[in-house]
file entry_26.csv (CSV, C-alpha atoms)
chain,number,residue,atom,x,y,z
A,1353,MET,CA,34.0,26.1,5.9
A,1354,ALA,CA,33.9,22.4,6.9
A,1355,GLU,CA,35.9,19.7,5.2
A,1356,ARG,CA,34.2,18.3,2.1
A,1357,PRO,CA,32.7,15.8,1.7
A,1358,VAL,CA,30.9,15.7,5.0
A,1359,PHE,CA,29.9,12.3,6.2
A,1360,LEU,CA,26.6,12.5,8.1
A,1361,ASN,CA,25.7,9.9,10.7
A,1362,LEU,CA,22.1,9.4,9.8
A,1363,LEU,CA,21.4,7.9,13.2
A,1364,ARG,CA,22.6,11.0,15.0
A,1365,ILE,CA,20.6,13.6,13.1
A,1366,TYR,CA,17.6,14.8,15.0
A,1367,LEU,CA,14.6,14.2,13.0
A,1368,PRO,CA,11.3,15.8,14.2
A,1369,PRO,CA,8.2,13.6,14.5
A,1370,SER,CA,6.8,15.0,11.2
A,1371,GLY,CA,10.1,14.0,9.5
A,1372,TRP,CA,9.7,10.4,10.9
A,1373,VAL,CA,6.1,10.3,9.6
A,1374,SER,CA,7.3,11.5,6.2
A,1375,ILE,CA,10.2,9.0,5.7
A,1376,LEU,CA,8.1,6.2,7.1
A,1377,HIS,CA,5.3,7.1,4.7
A,1378,ARG,CA,7.8,6.5,1.9
A,1379,ILE,CA,9.2,3.3,3.3
A,1380,SER,CA,5.7,1.9,4.1
A,1381,GLY,CA,4.4,2.9,0.6
A,1382,ALA,CA,7.3,1.2,-1.1
A,1383,LEU,CA,6.7,-1.9,1.0
A,1384,LEU,CA,3.0,-2.0,0.2
A,1385,PHE,CA,3.9,-1.6,-3.5
A,1386,LEU,CA,6.2,-4.6,-3.4
A,1387,VAL,CA,3.5,-6.8,-1.8
A,1388,ILE,CA,0.8,-6.1,-4.4
A,1389,PRO,CA,1.8,-8.9,-6.9
A,1390,LEU,CA,2.3,-11.2,-3.9
A,1391,GLY,CA,-1.2,-10.5,-2.7
A,1392,VAL,CA,-2.7,-11.1,-6.2
A,1393,TRP,CA,-0.8,-14.3,-6.4
A,1394,ALA,CA,-2.1,-15.4,-3.0
A,1395,LEU,CA,-5.7,-14.5,-4.0
A,1396,SER,CA,-5.3,-16.4,-7.2
A,1397,VAL,CA,-4.1,-19.6,-5.5
A,1398,SER,CA,-6.7,-19.3,-2.7
A,1399,LEU,CA,-9.5,-19.1,-5.2
A,1400,SER,CA,-8.1,-21.8,-7.6
A,1401,GLY,CA,-9.7,-24.6,-5.6
A,1402,GLU,CA,-9.8,-26.6,-2.3
A,1403,VAL,CA,-6.1,-27.5,-2.5
A,1404,GLY,CA,-4.9,-24.0,-3.3
A,1405,PHE,CA,-7.1,-22.6,-0.5
A,1406,ARG,CA,-5.6,-24.9,2.1
A,1407,SER,CA,-2.0,-24.3,0.9
A,1408,ILE,CA,-2.5,-20.5,1.4
A,1409,ALA,CA,-4.3,-21.0,4.8
A,1410,GLU,CA,-1.3,-23.2,5.9
A,1411,ARG,CA,1.1,-20.5,4.8
A,1412,PHE,CA,-0.7,-17.9,6.8
A,1413,ALA,CA,-0.6,-20.2,9.9
A,1414,HIS,CA,3.2,-20.1,9.9
A,1415,PRO,CA,4.6,-17.7,12.6
A,1416,LEU,CA,7.0,-16.0,10.1
A,1417,ALA,CA,4.1,-15.3,7.7
A,1418,ARG,CA,2.1,-13.8,10.6
A,1419,LEU,CA,5.1,-11.6,11.5
A,1420,SER,CA,5.3,-10.4,7.9
A,1421,LEU,CA,1.5,-9.8,7.9
A,1422,LEU,CA,2.0,-7.8,11.1
A,1423,LEU,CA,4.7,-5.7,9.4
A,1424,LEU,CA,2.4,-5.1,6.5
A,1425,LEU,CA,-0.5,-4.1,8.8
A,1426,TRP,CA,1.8,-1.5,10.4
A,1427,ALA,CA,2.8,-0.3,6.9
A,1428,PHE,CA,-0.8,0.0,5.9
A,1429,ALA,CA,-1.9,1.7,9.1
A,1430,HIS,CA,1.0,4.2,9.1
A,1431,HIS,CA,0.6,4.9,5.4
A,1432,TYR,CA,-3.2,5.4,5.7
A,1433,LEU,CA,-3.0,7.6,8.8
A,1434,GLY,CA,0.0,9.6,7.4
A,1435,GLY,CA,-1.9,9.9,4.1
A,1436,VAL,CA,-5.1,11.3,5.9
A,1437,ARG,CA,-2.8,13.8,7.7
A,1438,HIS,CA,-1.3,14.8,4.4
A,1439,LEU,CA,-4.7,15.4,2.9
A,1440,ALA,CA,-5.6,17.5,5.8
A,1441,LEU,CA,-2.4,19.6,5.4
A,1442,ASP,CA,-3.2,19.9,1.7
A,1443,VAL,CA,-6.4,21.8,2.6
A,1444,HIS,CA,-4.4,23.9,5.1
A,1445,TRP,CA,-5.9,22.1,8.2
A,1446,GLY,CA,-3.5,21.9,11.1
A,1447,THR,CA,-0.5,23.5,9.3
A,1448,ASP,CA,0.7,25.5,12.3
A,1449,LEU,CA,3.8,24.1,13.9
A,1450,GLN,CA,2.3,22.9,17.1
A,1451,ARG,CA,-0.7,21.1,15.6
A,1452,ALA,CA,1.4,19.6,12.8
A,1453,ARG,CA,3.8,18.3,15.4
A,1454,ARG,CA,0.9,16.9,17.5
A,1455,SER,CA,-0.8,15.2,14.5
A,1456,SER,CA,2.5,13.6,13.4
A,1457,LEU,CA,3.0,12.2,16.9
A,1458,ALA,CA,-0.6,11.0,16.8
A,1459,VAL,CA,0.0,9.2,13.5
A,1460,LEU,CA,3.1,7.4,14.9
A,1461,LEU,CA,1.4,6.4,18.0
A,1462,ALA,CA,-1.9,5.3,16.4
A,1463,ALA,CA,-0.1,3.2,13.8
A,1464,GLY,CA,1.8,1.6,16.6
A,1465,LEU,CA,-1.3,1.0,18.6
A,1466,VAL,CA,-3.1,-0.6,15.6
A,1467,THR,CA,0.0,-2.9,15.2
A,1468,LEU,CA,-0.1,-3.9,18.8
A,1469,LEU,CA,-3.8,-4.7,18.6
A,1470,ALA,CA,-3.2,-6.8,15.5
A,1471,ALA,CA,-0.3,-8.5,17.2
A,1472,TRP,CA,-2.6,-9.5,20.0
A,1473,ARG,CA,-5.2,-10.8,17.6
A,1474,LEU,CA,-2.6,-12.7,15.5
A,1475,PHE,CA,-0.4,-14.2,18.2
A,1476,ALA,CA,-2.5,-14.4,21.4
B,1062,MET,CA,16.0,20.2,-16.4
B,1063,LYS,CA,13.4,17.8,-17.7
B,1064,SER,CA,12.8,14.9,-15.4
B,1065,ALA,CA,13.0,11.5,-16.8
B,1066,GLY,CA,9.6,9.7,-16.5
B,1067,GLY,CA,7.4,12.5,-17.5
B,1068,SER,CA,8.1,16.2,-17.7
B,1069,HIS,CA,5.3,18.8,-17.2
B,1070,THR,CA,3.1,16.2,-15.5
B,1071,GLY,CA,3.7,17.4,-11.9
B,1072,THR,CA,0.3,18.9,-11.2
B,1073,GLY,CA,-1.6,16.2,-12.9
B,1074,THR,CA,0.1,13.4,-11.1
B,1075,TRP,CA,-0.1,15.3,-7.8
B,1076,LEU,CA,-3.9,15.6,-8.3
B,1077,LEU,CA,-4.1,11.9,-9.4
B,1078,GLN,CA,-2.3,10.8,-6.2
B,1079,ARG,CA,-4.7,12.8,-4.0
B,1080,ALA,CA,-7.8,11.7,-5.8
B,1081,THR,CA,-6.8,8.0,-5.7
B,1082,ALA,CA,-5.8,8.5,-2.0
B,1083,VAL,CA,-9.3,9.6,-1.2
B,1084,ALA,CA,-10.9,6.8,-3.1
B,1085,LEU,CA,-8.6,4.2,-1.4
B,1086,ALA,CA,-9.2,5.7,2.0
B,1087,LEU,CA,-12.9,5.1,1.5
B,1088,ALA,CA,-12.8,1.8,-0.3
B,1089,LEU,CA,-10.1,-0.2,1.6
B,1090,PRO,CA,-11.6,0.0,5.1
B,1091,GLY,CA,-15.0,-1.0,3.6
B,1092,LEU,CA,-13.5,-4.0,1.8
B,1093,MET,CA,-11.6,-5.0,5.0
B,1094,ILE,CA,-14.7,-4.9,7.1
B,1095,TYR,CA,-16.6,-6.9,4.4
B,1096,PHE,CA,-14.0,-9.7,4.5
B,1097,LEU,CA,-13.1,-9.6,8.2
B,1098,ALA,CA,-16.7,-9.7,9.3
B,1099,ALA,CA,-17.3,-13.1,7.6
B,1100,LEU,CA,-13.9,-14.7,7.3
B,1101,PRO,CA,-14.7,-18.3,6.4
B,1102,ALA,CA,-12.6,-21.3,7.4
B,1103,ASP,CA,-13.3,-23.3,4.2
B,1104,PHE,CA,-12.9,-22.9,0.4
B,1105,ALA,CA,-16.6,-22.8,-0.3
B,1106,GLY,CA,-17.2,-20.0,2.1
B,1107,TRP,CA,-14.2,-18.1,0.7
B,1108,GLN,CA,-15.4,-18.5,-2.8
B,1109,ALA,CA,-18.9,-17.4,-1.9
B,1110,LEU,CA,-17.5,-14.1,-0.5
B,1111,PHE,CA,-16.5,-13.2,-4.0
B,1112,ALA,CA,-19.8,-14.1,-5.6
B,1113,PRO,CA,-21.5,-10.7,-5.7
B,1114,LEU,CA,-20.8,-8.8,-8.9
B,1115,TRP,CA,-20.8,-5.4,-7.3
B,1116,LEU,CA,-18.0,-6.6,-5.0
B,1117,ARG,CA,-15.8,-7.9,-7.8
B,1118,VAL,CA,-16.3,-4.6,-9.7
B,1119,LEU,CA,-15.5,-2.6,-6.5
B,1120,ILE,CA,-12.3,-4.7,-5.9
B,1121,LEU,CA,-11.1,-4.2,-9.5
B,1122,LEU,CA,-11.8,-0.4,-9.4
B,1123,THR,CA,-10.0,-0.2,-6.1
B,1124,MET,CA,-7.1,-2.0,-7.6
B,1125,ALA,CA,-7.0,0.3,-10.5
B,1126,ALA,CA,-6.9,3.3,-8.1
B,1127,LEU,CA,-4.2,1.5,-6.2
B,1128,ALA,CA,-2.2,1.0,-9.3
B,1129,PHE,CA,-2.3,4.7,-10.3
B,1130,HIS,CA,-1.5,5.7,-6.7
B,1131,ALA,CA,1.4,3.4,-6.4
B,1132,TRP,CA,2.7,4.4,-9.8
B,1133,VAL,CA,2.9,8.1,-8.7
B,1134,GLY,CA,4.4,7.2,-5.4
B,1135,MET,CA,7.1,4.9,-6.8
B,1136,ARG,CA,7.8,7.5,-9.5
B,1137,ASP,CA,8.4,10.2,-6.8
B,1138,ILE,CA,10.7,7.8,-4.9
B,1139,LEU,CA,12.6,7.0,-8.1
B,1140,MET,CA,12.9,10.6,-9.1
B,1141,ASP,CA,14.3,11.5,-5.7
B,1142,TYR,CA,16.8,8.7,-5.1
B,1143,VAL,CA,17.7,7.2,-8.5
B,1144,HIS,CA,19.6,9.7,-10.6
B,1145,PRO,CA,21.1,7.9,-13.6
B,1146,THR,CA,18.4,8.4,-16.2
B,1147,GLY,CA,18.7,4.9,-17.8
B,1148,VAL,CA,18.4,3.1,-14.5
B,1149,ARG,CA,15.5,5.3,-13.4
B,1150,LEU,CA,13.6,4.7,-16.6
B,1151,ALA,CA,14.3,0.9,-16.4
B,1152,LEU,CA,13.0,0.8,-12.8
B,1153,LEU,CA,10.0,2.9,-13.7
B,1154,LEU,CA,9.2,0.5,-16.4
B,1155,VAL,CA,9.4,-2.4,-13.9
B,1156,VAL,CA,7.0,-0.6,-11.7
B,1157,ILE,CA,4.5,0.0,-14.5
B,1158,VAL,CA,4.7,-3.6,-15.7
B,1159,THR,CA,4.3,-4.9,-12.2
B,1160,LEU,CA,1.2,-2.7,-11.5
B,1161,ALA,CA,-0.4,-3.2,-14.9
B,1162,GLY,CA,0.3,-7.0,-14.7
B,1163,SER,CA,-1.2,-7.2,-11.2
B,1164,LEU,CA,-4.3,-5.3,-12.3
B,1165,ALA,CA,-4.8,-7.5,-15.4
B,1166,TRP,CA,-4.1,-10.7,-13.3
B,1167,LEU,CA,-6.7,-9.6,-10.7
B,1168,GLY,CA,-9.2,-8.9,-13.5
B,1169,ALA,CA,-8.6,-12.4,-14.8
B,1170,ILE,CA,-9.1,-13.9,-11.3
B,1171,LEU,CA,-12.3,-12.1,-10.6
B,1172,PHE,CA,-13.9,-12.2,-14.1
B,1173,GLY,CA,-12.2,-15.2,-15.6
B,1174,ALA,CA,-13.5,-18.5,-17.0
B,1175,THR,CA,-13.7,-20.1,-13.5
B,1176,TRP,CA,-16.5,-17.7,-12.5
B,1177,GLY,CA,-18.5,-18.5,-15.6
B,1178,ALA,CA,-18.2,-22.2,-14.9
B,1179,SER,CA,-19.0,-22.1,-11.2

call {"tool": "encode", "arguments": {"input": "entry_26.csv", "output": "structure tokens"}}
result
Amino acid sequence: MAERPVFLNLLRIYLPPSGWVSILHRISGALLFLVIPLGVWALSVSLSGEVGFRSIAERFAHPLARLSLLLLLWAFAHHYLGGVRHLALDVHWGTDLQRARRSSLAVLLAAGLVTLLAAWRLFA
Amino acid sequence: MKSAGGSHTGTGTWLLQRATAVALALALPGLMIYFLAALPADFAGWQALFAPLWLRVLILLTMAALAFHAWVGMRDILMDYVHPTGVRLALLLVVIVTLAGSLAWLGAILFGATWGAS
């Protein structure tokens, strides 16, 4: 029996791709939740009039705001694709180990690809 | 043990999470395409994008689905990671107030007095 308590080094635990999809689904979901009131606020200001519209447009022009937007786009892409995968698993589609592993890799890669494309659109 | 934040509600919320997921998966890309296809550079164009009534209804319904979806998700997260019952309930209350407030605020923006005046 090992000594208790056991201190696990989270960075050294091997997490399979489906595990990464799962934990990132939670993190991205929490992130998207946090940004809901912020989005409503931005919409409110942008529709309040000429001045408000320009102030929001200027905020979005800032590189740091674009970087945040990029992070949110990744969160949305990952959460969306991971969610679709989850719905497929719910109806027992692709539940065997090999296909589940491949679909989880596909989610990670596709979300990354979407983020790269968005980065190119936002910064190039 | 009964879980704080709603006991015997597991299947119902599970189904709610899935149903809202499907609704959001269909509505959000549609809305994104609508806005990105005609992203205007000035206020008048931006305001005009929100003029159709069906669009404003769609946005508010999507937000309602999002609120329920986020509530279930945040509830799952809180149940897994926050164990002291008092803290968990307090955070769950913050989540609910945030989501209900956002939904009400969005409703006011989309159907408020400014739209009647313009």

call {"tool": "interface_residues", "arguments": {"input": "entry_26.csv", "of": "chain B", "to": "chain A", "cutoff": "7 Å", "atoms": "all atoms listed in the file", "output": "number ranges by chain"}}
result
B: 1104, 1108, 1131, 1135, 1163, 1167, 1170

call {"tool": "closest_residue", "arguments": {"input": "entry_26.csv", "among": "B:Ala1112, B:Ala1098, B:Ala1082, B:Ala1105", "to": "B:Phe1172", "atoms": "only C-alpha atoms"}}
result
B:Ala1112

call {"tool": "residues_around", "arguments": {"input": "entry_26.csv", "residues": "stretch 1444-1455 of chain A", "least_positions_apart": "3", "cutoff": "7 Å", "atoms": "all atoms listed in the file", "output": "ChimeraX atom specification"}}
result
/A:1369-1370,1440-1441,1458-1459

call {"tool": "closest_residue", "arguments": {"input": "entry_26.csv", "among": "A:Arg1411, A:His1430, A:Arg1418, A:Arg1364", "to": "A:Leu1460", "atoms": "all atoms listed in the file"}}
result
A:His1430

call {"tool": "atom_distance", "arguments": {"input": "entry_26.csv", "atom1": "atom CA of B:Trp1115", "atom2": "atom CA of B:Arg1079"}}
result
24.5 Å

call {"tool": "atom_distance", "arguments": {"input": "entry_26.csv", "atom1": "atom CA of B:Ala1126", "atom2": "atom CA of B:Phe1096"}}
result
19.4 Å

call {"tool": "decode", "arguments": {"input": "entry_26.csv", "residues": "stretch 1068-1102 of chain B", "atoms": "N, CA and C atoms", "output": "PDB file, in the first residue's frame"}}
result
ATOM      1  N   SER B1068     -32.364  17.283  -6.114  1.00  0.00           N
ATOM      2  CA  SER B1068     -32.259  15.829  -6.117  1.00  0.00           C
ATOM      3  C   SER B1068     -33.355  15.270  -7.018  1.00  0.00           C
ATOM      4  N   HIS B1069     -33.155  14.057  -7.476  1.00  0.00           N
ATOM      5  CA  HIS B1069     -34.098  13.365  -8.364  1.00  0.00           C
ATOM      6  C   HIS B1069     -34.388  14.147  -9.643  1.00  0.00           C
ATOM      7  N   THR B1070     -33.454  14.944 -10.071  1.00  0.00           N
ATOM      8  CA  THR B1070     -33.697  15.708 -11.292  1.00  0.00           C
ATOM      9  C   THR B1070     -32.724  15.288 -12.393  1.00  0.00           C
ATOM     10  N   GLY B1071     -31.953  14.206 -12.134  1.00  0.00           N
ATOM     11  CA  GLY B1071     -30.880  13.816 -13.053  1.00  0.00           C
ATOM     12  C   GLY B1071     -31.313  13.588 -14.480  1.00  0.00           C
ATOM     13  N   THR B1072     -32.332  12.714 -14.690  1.00  0.00           N
ATOM     14  CA  THR B1072     -32.739  12.389 -16.049  1.00  0.00           C
ATOM     15  C   THR B1072     -33.323  13.603 -16.754  1.00  0.00           C
ATOM     16  N   GLY B1073     -34.100  14.376 -16.008  1.00  0.00           N
ATOM     17  CA  GLY B1073     -34.717  15.560 -16.592  1.00  0.00           C
ATOM     18  C   GLY B1073     -33.697  16.559 -17.087  1.00  0.00           C
ATOM     19  N   THR B1074     -32.697  16.837 -16.249  1.00  0.00           N
ATOM     20  CA  THR B1074     -31.690  17.820 -16.658  1.00  0.00           C
ATOM     21  C   THR B1074     -30.802  17.260 -17.760  1.00  0.00           C
ATOM     22  N   TRP B1075     -30.539  15.959 -17.710  1.00  0.00           N
ATOM     23  CA  TRP B1075     -29.739  15.310 -18.759  1.00  0.00           C
ATOM     24  C   TRP B1075     -30.428  15.514 -20.110  1.00  0.00           C
ATOM     25  N   LEU B1076     -31.738  15.257 -20.113  1.00  0.00           N
ATOM     26  CA  LEU B1076     -32.502  15.401 -21.351  1.00  0.00           C
ATOM     27  C   LEU B1076     -32.559  16.868 -21.781  1.00  0.00           C
ATOM     28  N   LEU B1077     -32.740  17.762 -20.796  1.00  0.00           N
ATOM     29  CA  LEU B1077     -32.782  19.200 -21.085  1.00  0.00           C
ATOM     30  C   LEU B1077     -31.469  19.653 -21.714  1.00  0.00           C
ATOM     31  N   GLN B1078     -30.352  19.149 -21.162  1.00  0.00           N
ATOM     32  CA  GLN B1078     -29.043  19.510 -21.693  1.00  0.00           C
ATOM     33  C   GLN B1078     -28.899  19.056 -23.145  1.00  0.00           C
ATOM     34  N   ARG B1079     -29.362  17.839 -23.435  1.00  0.00           N
ATOM     35  CA  ARG B1079     -29.260  17.309 -24.805  1.00  0.00           C
ATOM     36  C   ARG B1079     -30.189  18.039 -25.765  1.00  0.00           C
ATOM     37  N   ALA B1080     -31.416  18.281 -25.328  1.00  0.00           N
ATOM     38  CA  ALA B1080     -32.390  18.950 -26.204  1.00  0.00           C
ATOM     39  C   ALA B1080     -31.917  20.368 -26.542  1.00  0.00           C
ATOM     40  N   THR B1081     -31.437  21.091 -25.516  1.00  0.00           N
ATOM     41  CA  THR B1081     -30.953  22.449 -25.782  1.00  0.00           C
ATOM     42  C   THR B1081     -29.681  22.406 -26.614  1.00  0.00           C
ATOM     43  N   ALA B1082     -28.868  21.351 -26.437  1.00  0.00           N
ATOM     44  CA  ALA B1082     -27.644  21.212 -27.240  1.00  0.00           C
ATOM     45  C   ALA B1082     -27.999  21.120 -28.724  1.00  0.00           C
ATOM     46  N   VAL B1083     -29.006  20.302 -29.037  1.00  0.00           N
ATOM     47  CA  VAL B1083     -29.409  20.146 -30.435  1.00  0.00           C
ATOM     48  C   VAL B1083     -29.943  21.472 -30.984  1.00  0.00           C
ATOM     49  N   ALA B1084     -30.778  22.146 -30.186  1.00  0.00           N
ATOM     50  CA  ALA B1084     -31.332  23.437 -30.612  1.00  0.00           C
ATOM     51  C   ALA B1084     -30.218  24.442 -30.877  1.00  0.00           C
ATOM     52  N   LEU B1085     -29.250  24.500 -29.960  1.00  0.00           N
ATOM     53  CA  LEU B1085     -28.142  25.455 -30.109  1.00  0.00           C
ATOM     54  C   LEU B1085     -27.250  25.091 -31.288  1.00  0.00           C
ATOM     55  N   ALA B1086     -27.039  23.775 -31.484  1.00  0.00           N
ATOM     56  CA  ALA B1086     -26.186  23.331 -32.587  1.00  0.00           C
ATOM     57  C   ALA B1086     -26.772  23.744 -33.930  1.00  0.00           C
ATOM     58  N   LEU B1087     -28.115  23.845 -33.993  1.00  0.00           N
ATOM     59  CA  LEU B1087     -28.760  24.269 -35.237  1.00  0.00           C
ATOM     60  C   LEU B1087     -28.835  25.792 -35.346  1.00  0.00           C
ATOM     61  N   ALA B1088     -29.197  26.451 -34.234  1.00  0.00           N
ATOM     62  CA  ALA B1088     -29.470  27.889 -34.289  1.00  0.00           C
ATOM     63  C   ALA B1088     -28.197  28.739 -34.366  1.00  0.00           C
ATOM     64  N   LEU B1089     -27.182  28.393 -33.573  1.00  0.00           N
ATOM     65  CA  LEU B1089     -25.999  29.262 -33.495  1.00  0.00           C
ATOM     66  C   LEU B1089     -25.245  29.407 -34.821  1.00  0.00           C
ATOM     67  N   PRO B1090     -24.986  28.313 -35.562  1.00  0.00           N
ATOM     68  CA  PRO B1090     -24.315  28.511 -36.859  1.00  0.00           C
ATOM     69  C   PRO B1090     -25.162  29.358 -37.802  1.00  0.00           C
ATOM     70  N   GLY B1091     -26.486  29.166 -37.751  1.00  0.00           N
ATOM     71  CA  GLY B1091     -27.378  29.963 -38.583  1.00  0.00           C
ATOM     72  C   GLY B1091     -27.262  31.440 -38.275  1.00  0.00           C
ATOM     73  N   LEU B1092     -27.301  31.772 -36.988  1.00  0.00           N
ATOM     74  CA  LEU B1092     -27.182  33.173 -36.577  1.00  0.00           C
ATOM     75  C   LEU B1092     -25.818  33.743 -36.958  1.00  0.00           C
ATOM     76  N   MET B1093     -24.771  32.923 -36.769  1.00  0.00           N
ATOM     77  CA  MET B1093     -23.421  33.385 -37.111  1.00  0.00           C
ATOM     78  C   MET B1093     -23.320  33.719 -38.591  1.00  0.00           C
ATOM     79  N   ILE B1094     -23.894  32.851 -39.424  1.00  0.00           N
ATOM     80  CA  ILE B1094     -23.837  33.089 -40.869  1.00  0.00           C
ATOM     81  C   ILE B1094     -24.602  34.363 -41.213  1.00  0.00           C
ATOM     82  N   TYR B1095     -25.785  34.533 -40.583  1.00  0.00           N
ATOM     83  CA  TYR B1095     -26.599  35.722 -40.843  1.00  0.00           C
ATOM     84  C   TYR B1095     -25.801  36.996 -40.567  1.00  0.00           C
ATOM     85  N   PHE B1096     -25.092  37.025 -39.438  1.00  0.00           N
ATOM     86  CA  PHE B1096     -24.374  38.238 -39.053  1.00  0.00           C
ATOM     87  C   PHE B1096     -23.060  38.412 -39.809  1.00  0.00           C
ATOM     88  N   LEU B1097     -22.333  37.322 -39.990  1.00  0.00           N
ATOM     89  CA  LEU B1097     -21.030  37.441 -40.659  1.00  0.00           C
ATOM     90  C   LEU B1097     -21.177  37.742 -42.144  1.00  0.00           C
ATOM     91  N   ALA B1098     -22.310  37.288 -42.722  1.00  0.00           N
ATOM     92  CA  ALA B1098     -22.514  37.500 -44.156  1.00  0.00           C
ATOM     93  C   ALA B1098     -22.685  38.978 -44.482  1.00  0.00           C
ATOM     94  N   ALA B1099     -23.199  39.758 -43.507  1.00  0.00           N
ATOM     95  CA  ALA B1099     -23.470  41.169 -43.794  1.00  0.00           C
ATOM     96  C   ALA B1099     -23.004  42.054 -42.656  1.00  0.00           C
ATOM     97  N   LEU B1100     -21.772  41.815 -42.196  1.00  0.00           N
ATOM     98  CA  LEU B1100     -21.245  42.601 -41.085  1.00  0.00           C
ATOM     99  C   LEU B1100     -21.019  44.048 -41.530  1.00  0.00           C
ATOM    100  N   PRO B1101     -21.808  44.975 -40.986  1.00  0.00           N
ATOM    101  CA  PRO B1101     -21.707  46.359 -41.438  1.00  0.00           C
ATOM    102  C   PRO B1101     -20.627  47.124 -40.677  1.00  0.00           C
ATOM    103  N   ALA B1102     -20.174  48.217 -41.258  1.00  0.00           N
ATOM    104  CA  ALA B1102     -19.126  49.017 -40.626  1.00  0.00           C
ATOM    105  C   ALA B1102     -19.707  50.216 -39.886  1.00  0.00           C
TER     106      ALA B1102
END
